[in-house]
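K.L.:
To start, I am sharing the structure in question, which I have written as structure tokens.
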Amino acid sequence: MNTHKHHESTGSADEQQITLRSPAELADSLPYLLGFHPNDSVVMVALHGDRGRFGGRLRLGIPRSPREWPPVAEQLAECLIEGSERRGPRPSGVVAFLCQDPAPGETGRQVMERLRPFAQRLRTACGGLDVPVHEVLCISDGRFWSYCCPDTRCCPPEGTGLALPGTSVMAAAAAYAGVQVRGSLRDMEARLEPWNTPAAEEQERALDNAGAALVPRILSGGNRKGVAEETLKLARGLMGRLERAPGTGTVAQDTEDDALITHEEAAAVILGLQDRETRDRAAEWMEGTDAAPALRLWRALSRRCVGPYTEHATAPLTLAGWVAWSTGDEPSARVALGLALRLDPGYVFAQLLHQACNEGLDPEALRRCLRAERDTRAVPGSCRRGGGFSGRAVAARPPSGPRRPKAPRVPPRTGPRAGVKTARDRAGRRGGERGSRSGR
């Protein structure tokens with residue numbers, strides 16, 4: 001058995017600590033490290049000190065082609081180790097997880113054997129940077145296998161079943177500390193992805209019609225302010241409508257929220273949010289009684305970006321990520337921002353928020369900036385400097401003191417080709433799509 005001990009703080013920096021003494025306890029801890037159950041993911045966690053304290057962590061979709069494994073492994077190792085050094089001491093070790101469900105007709109053990117070369121690439125990539133990998137676990141079909149432990153008494157060839165949910169030592173500590181696991185990554189992404197129902201055709205037609213009416217007004221310049229005011233007024237009205245409906249935070253609530261918003265209303269707000277200044281003003285609904293209905297609205301609008309308007313979801317996804325981060329839900333924020341950057345890797349607002357969230361910065365710096373923008377507009381005769389708020393507020397570091405470890409910056413894709421630029425990425429965004437996306 002691997003006797004290396006790993007310590008993870010489940011509360012604030014110096015509160016309670018627990019000790020993970022085996023690969024089984026390490027496997028059971030994974031959802032609590034990320035806040036969700038990862039699907040089709042490689043996860044790497046830095047270890048610090050003689051006691052193996054958990055530090056920075058990162059997650060990326062497992063590349064589909066084995067040819068992509070060597071460069072991705074090197075990139076992940078560099079991101080984790082160099083990112084840890086930017087925040088503090090160099091890691092003394094690494095643990096890694098490969099999580100993938102079996103394909104039809106495939107067993108969990110076959111998944112483990114198929115991914116073994118990738119596990120070895122991760123080990124050699126970290127070793128090449130003089131940081132040892134103490135453990136690599138494959139988690140598949142409700143079981144786990146160790147690539148590093150040769151002792152069949154604790155790590156048998158047929159694998160070991162995962163503990164029942166809520167029964168592990170990590171689950172008990174997380175429950176005591178109020179840490180939540182928000183389901184699987186696949187489930188979290190599904191709540192934000194475009195409709196795949198017959199209603200999508202009606203929504204697409206509404207987007208076509210709204211684009212024909214709104215885009216010329218936005219691009220002409222003369223009516224841009226009027227479109228912004230109409231967009232924000234409609235969005236505020238939709239928030240009020242959602243706020244009056246019970247909120248459960250479940251998938252069933254998503255369906256109810258969708259029924260409260262007409263196709264035409266959704267189309268008008270989606271297209272209006274493509275204007276950067278309009279989006280920035282909508283970002284001011286990030287706290288207090290505004291936060292919950294705003295988050296529900298941005299999620300609902302993300303689901304309405306169907307057909308050729310899929311990339312228009314970048315704005316509402318980024319707003320959903322911002323509100324989630326502002327209200328303390330970092331796992332949900334990372335998922336929403338990751339989806340936004342998958343659609344548009346160059347979307348600056350999402351880039352800044354994703355980096356700041358991963359670095360454990362305090363969102364209050366950005367909240368203060370947005371409040372100041374709002375207060376400035378409220379002063380009669382005031383003139384706003386420039387368009388949109390400054391990224392400096394997002395990049396500002398928090399006051400000294402303990403802060404959560406950063407997940408190093410890596411390409412935010414979560415799909416099977418994560419970390420690998422596609423031909424579309426290299427060619428840039430396609431022109432000629434319906435609608436308009438002005439500004440970042």
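By order in the structure tokens, chains are A, B, ...; within a chain, residues start at 1; ligands start at 1, following the order shown.
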Mind checking which residues fall within 8 Å of region 119-121 of chain A, counting only C-alpha atoms, ignoring those fewer than 4 positions away in the same chain, and posting them as a PyMOL selection string?

P.N.:
chain A and resi 69-70+73-74+98+115+125+136+147

K.L.:
For the selection you just gave me, I'd like the residues written to a file as a JSON list (two decimals), in the first residue's frame, keeping N, CA, C and O atoms.

P.N.:
```
[["chain", "number", "residue", "atom", "x", "y", "z"],
["A", 69, "TRP", "N", -1.35, 12.78, -26.16],
["A", 69, "TRP", "CA", -1.01, 12.61, -24.76],
["A", 69, "TRP", "C", 0.36, 13.18, -24.38],
["A", 69, "TRP", "O", 0.47, 13.84, -23.34],
["A", 70, "PRO", "N", 1.42, 12.96, -25.17],
["A", 70, "PRO", "CA", 2.72, 13.49, -24.75],
["A", 70, "PRO", "C", 2.74, 15.02, -24.59],
["A", 70, "PRO", "O", 3.16, 15.52, -23.54],
["A", 73, "ALA", "N", 0.53, 16.06, -21.59],
["A", 73, "ALA", "CA", 1.14, 15.72, -20.30],
["A", 73, "ALA", "C", 2.22, 16.74, -19.93],
["A", 73, "ALA", "O", 2.30, 17.18, -18.78],
["A", 74, "GLU", "N", 3.03, 17.12, -20.90],
["A", 74, "GLU", "CA", 4.08, 18.12, -20.62],
["A", 74, "GLU", "C", 3.47, 19.46, -20.26],
["A", 74, "GLU", "O", 3.94, 20.15, -19.34],
["A", 98, "LEU", "N", -7.11, 9.86, -13.41],
["A", 98, "LEU", "CA", -7.67, 9.73, -14.75],
["A", 98, "LEU", "C", -9.08, 9.18, -14.59],
["A", 98, "LEU", "O", -9.27, 8.04, -14.14],
["A", 115, "LEU", "N", -5.58, 3.71, -20.75],
["A", 115, "LEU", "CA", -5.03, 4.99, -20.33],
["A", 115, "LEU", "C", -3.68, 4.86, -19.65],
["A", 115, "LEU", "O", -3.07, 5.88, -19.28],
["A", 125, "ALA", "N", 6.59, 13.36, -17.35],
["A", 125, "ALA", "CA", 6.60, 14.81, -17.56],
["A", 125, "ALA", "C", 6.91, 15.54, -16.25],
["A", 125, "ALA", "O", 7.70, 16.48, -16.21],
["A", 136, "VAL", "N", -0.94, 7.78, -9.18],
["A", 136, "VAL", "CA", -1.85, 8.05, -10.28],
["A", 136, "VAL", "C", -2.97, 7.02, -10.18],
["A", 136, "VAL", "O", -2.70, 5.80, -10.18],
["A", 147, "TYR", "N", -1.89, 3.06, -10.59],
["A", 147, "TYR", "CA", -0.80, 2.79, -11.52],
["A", 147, "TYR", "C", 0.55, 2.72, -10.81],
["A", 147, "TYR", "O", 1.55, 2.41, -11.45]]
```

K.L.:
Contacts of Val42 (chain A) at 7 Å or less, counting only C-alpha atoms, minus same-chain residues fewer than 4 places along, as number ranges by chain?

P.N.:
A: 59-62, 97-99

K.L.:
Residues within 12 Å of Ala313 (chain A), please, as a PyMOL selection string. Count only C-alpha atoms; anything in the same chain fewer than 4 positions from it doesn't count.

P.N.:
chain A and resi 192-195+266-267+269-274+298-309+317-321+336-337+339-344+347+350+436-437

K.L.:
Return as a ChimeraX atom specification the full set of residues in region 78-262 of chain A whose backbone-based DSSP assignment is alpha helix (DSSP H).

P.N.:
/A:78-87,108-127,169-177,185-190,199-220,224-244,251-259

K.L.:
What's the separation between CA of Ala294 (chain A) and CA of Arg241 (chain A), in Å to one decimal place?

P.N.:
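About the pair CA of Ala294 (chain A) and CA of Arg241 (chain A): they are 10.9 Å apart.
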
K.L.:
Could you tell me which of A:Gly249, A:Gly52, A:Pro23, A:Gly83 comes closest to Arg143 (chain A) if we count only C-alpha atoms?

P.N.:
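Between A:Gly249, A:Gly52, A:Pro23, A:Gly83, the residue approaching Arg143 (chain A) most closely is A:Pro23.
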
K.L.:
Ranking A:Ala268, A:Leu30, A:Leu47, A:Asn358 by minimum distance to Leu137 (chain A) and counting only C-alpha atoms, which one comes first?

P.N.:
A:Leu30

K.L.:
If you run DSSP over the backbone, which residues in region 144-262 of chain A end up strand (DSSP E or B)? Put them as a JSON list (two decimals) with all heavy atoms, in the first residue's frame.

P.N.:
```
[["chain", "number", "residue", "atom", "x", "y", "z"],
["A", 144, "PHE", "N", -11.65, 1.92, -8.80],
["A", 144, "PHE", "CA", -10.40, 2.61, -9.06],
["A", 144, "PHE", "C", -9.25, 1.61, -9.09],
["A", 144, "PHE", "O", -9.30, 0.52, -8.52],
["A", 144, "PHE", "CB", -10.13, 3.70, -8.00],
["A", 144, "PHE", "CG", -9.67, 3.17, -6.67],
["A", 144, "PHE", "CD1", -8.31, 2.95, -6.41],
["A", 144, "PHE", "CD2", -10.58, 2.91, -5.66],
["A", 144, "PHE", "CE1", -7.89, 2.46, -5.19],
["A", 144, "PHE", "CE2", -10.17, 2.41, -4.43],
["A", 144, "PHE", "CZ", -8.82, 2.19, -4.19],
["A", 145, "TRP", "N", -8.20, 2.02, -9.83],
["A", 145, "TRP", "CA", -6.97, 1.25, -9.95],
["A", 145, "TRP", "C", -5.79, 2.19, -9.71],
["A", 145, "TRP", "O", -5.84, 3.36, -10.11],
["A", 145, "TRP", "CB", -6.82, 0.66, -11.36],
["A", 145, "TRP", "CG", -7.76, -0.44, -11.69],
["A", 145, "TRP", "CD1", -7.53, -1.78, -11.66],
["A", 145, "TRP", "CD2", -9.12, -0.30, -12.13],
["A", 145, "TRP", "NE1", -8.63, -2.49, -12.04],
["A", 145, "TRP", "CE2", -9.63, -1.61, -12.33],
["A", 145, "TRP", "CE3", -9.96, 0.79, -12.35],
["A", 145, "TRP", "CZ2", -10.94, -1.83, -12.76],
["A", 145, "TRP", "CZ3", -11.25, 0.56, -12.77],
["A", 145, "TRP", "CH2", -11.74, -0.73, -12.97],
["A", 146, "SER", "N", -4.75, 1.68, -9.10],
["A", 146, "SER", "CA", -3.53, 2.45, -8.90],
["A", 146, "SER", "C", -2.50, 2.04, -9.95],
["A", 146, "SER", "O", -2.25, 0.86, -10.16],
["A", 146, "SER", "CB", -2.95, 2.22, -7.50],
["A", 146, "SER", "OG", -1.66, 2.80, -7.40],
["A", 160, "THR", "N", -10.78, -1.70, -7.16],
["A", 160, "THR", "CA", -11.44, -1.59, -5.86],
["A", 160, "THR", "C", -12.64, -0.68, -5.99],
["A", 160, "THR", "O", -12.56, 0.40, -6.60],
["A", 160, "THR", "CB", -10.47, -1.02, -4.80],
["A", 160, "THR", "OG1", -9.29, -1.83, -4.76],
["A", 160, "THR", "CG2", -11.12, -0.98, -3.44],
["A", 161, "GLY", "N", -13.75, -1.10, -5.43],
["A", 161, "GLY", "CA", -14.96, -0.28, -5.51],
["A", 161, "GLY", "C", -14.84, 0.99, -4.69],
["A", 161, "GLY", "O", -14.25, 1.00, -3.61],
["A", 184, "SER", "N", -22.19, 15.73, -11.06],
["A", 184, "SER", "CA", -21.09, 15.47, -11.98],
["A", 184, "SER", "C", -20.84, 16.68, -12.86],
["A", 184, "SER", "O", -21.72, 17.54, -13.06],
["A", 184, "SER", "CB", -21.40, 14.26, -12.85],
["A", 184, "SER", "OG", -22.43, 14.56, -13.79]]
```

K.L.:
Let me make sure I understand: among A:Ala292, A:Arg123, A:Ser140, A:Glu82, which one has the smallest atom-to-atom distance to Gln110 (chain A) if we use only C-alpha atoms?

P.N.:
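Answer, going by the shortest atom-to-atom distance: A:Ser140.
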
K.L.:
I'd like to know which of A:Leu33, A:Val94, A:Pro331, A:Gln100 is closest to Pro63 (chain A), using only C-alpha atoms.

P.N.:
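Residue with the minimum atom-to-atom distance to Pro63 (chain A): A:Gln100.
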
K.L.:
A:Met286, A:Leu80, A:Leu214, A:Met44: which is nearest Cys369 (chain A), counting only C-alpha atoms?

P.N.:
A:Met286

K.L.:
What is the CA of Asp275 (chain A)-CA of Arg377 (chain A) distance in Å, reported with one decimal?

P.N.:
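CA of Arg377 (chain A) lies 17.8 Å from CA of Asp275 (chain A).
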
K.L.:
Which residues are near Arg371 (chain A)? Cut-off 12 Å, only C-alpha atoms, ignore same chain within fewer than 2 positions. Put them as number ranges by chain.

P.N.:
A: 280-287, 364-369, 373-378, 389, 393

K.L.:
Quick check, in Å to one decimal: how far apart do CA of Val43 (chain A) and CA of Leu162 (chain A) lie?

P.N.:
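Atom-to-atom, CA of Val43 (chain A) and CA of Leu162 (chain A) are spaced 17.2 Å apart.
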
K.L.:
What lies within 10 Å of region 250-255 of chain A using only C-alpha atoms, ignoring chain neighbours under 3 positions off, as a tab-separated table (two decimals) with N, CA, C and O atoms, in the first residue's frame?

P.N.:
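Ended up saving to out.tsv:
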```
chain	number	residue	atom	x	y	z
A	187	ASP	N	-23.35	16.78	-15.64
A	187	ASP	CA	-24.65	17.32	-15.24
A	187	ASP	C	-24.60	18.85	-15.14
A	187	ASP	O	-25.56	19.54	-15.53
A	188	MET	N	-23.50	19.36	-14.59
A	188	MET	CA	-23.39	20.82	-14.44
A	188	MET	C	-23.32	21.50	-15.79
A	188	MET	O	-23.93	22.56	-16.00
A	190	ALA	N	-24.59	20.33	-18.57
A	190	ALA	CA	-25.85	20.14	-19.28
A	190	ALA	C	-26.86	21.24	-18.94
A	190	ALA	O	-27.71	21.60	-19.77
A	191	ARG	N	-26.76	21.82	-17.74
A	191	ARG	CA	-27.68	22.88	-17.35
A	191	ARG	C	-27.39	24.19	-18.07
A	191	ARG	O	-28.20	25.12	-18.00
A	192	LEU	N	-26.26	24.25	-18.76
A	192	LEU	CA	-25.87	25.49	-19.43
A	192	LEU	C	-25.81	25.34	-20.95
A	192	LEU	O	-25.59	26.33	-21.65
A	245	ALA	N	-41.02	33.50	-8.87
A	245	ALA	CA	-41.25	32.05	-8.95
A	245	ALA	C	-40.33	31.35	-7.95
A	245	ALA	O	-39.21	31.80	-7.72
A	246	PRO	N	-40.78	30.26	-7.35
A	246	PRO	CA	-39.93	29.57	-6.36
A	246	PRO	C	-38.63	29.10	-6.99
A	246	PRO	O	-38.60	28.66	-8.14
A	247	GLY	N	-37.55	29.23	-6.23
A	247	GLY	CA	-36.25	28.80	-6.70
A	247	GLY	C	-35.74	27.61	-5.92
A	247	GLY	O	-35.61	27.68	-4.71
A	258	ASP	N	-37.33	28.23	-17.99
A	258	ASP	CA	-37.44	28.33	-19.45
A	258	ASP	C	-38.87	28.69	-19.86
A	258	ASP	O	-39.09	29.47	-20.80
A	259	ALA	N	-39.86	28.13	-19.15
A	259	ALA	CA	-41.26	28.39	-19.50
A	259	ALA	C	-41.68	29.82	-19.19
A	259	ALA	O	-42.68	30.30	-19.75
A	260	LEU	N	-40.95	30.50	-18.32
A	260	LEU	CA	-41.30	31.87	-17.93
A	260	LEU	C	-40.77	32.92	-18.90
A	260	LEU	O	-41.08	34.11	-18.77
A	296	ARG	N	-30.10	32.75	-12.46
A	296	ARG	CA	-31.11	31.94	-13.16
A	296	ARG	C	-31.34	32.47	-14.58
A	296	ARG	O	-31.49	31.68	-15.53
A	297	LEU	N	-31.36	33.78	-14.74
A	297	LEU	CA	-31.58	34.36	-16.06
A	297	LEU	C	-30.42	34.05	-17.00
A	297	LEU	O	-30.62	33.64	-18.15
A	299	ARG	N	-28.26	31.63	-16.87
A	299	ARG	CA	-28.27	30.21	-17.23
A	299	ARG	C	-29.35	29.92	-18.28
A	299	ARG	O	-29.12	29.18	-19.24
A	300	ALA	N	-30.53	30.50	-18.08
A	300	ALA	CA	-31.62	30.26	-19.03
A	300	ALA	C	-31.26	30.79	-20.41
A	300	ALA	O	-31.52	30.13	-21.43
A	303	ARG	N	-28.92	28.56	-22.36
A	303	ARG	CA	-29.59	27.41	-22.98
A	303	ARG	C	-30.35	27.79	-24.24
A	303	ARG	O	-30.66	26.93	-25.07
```
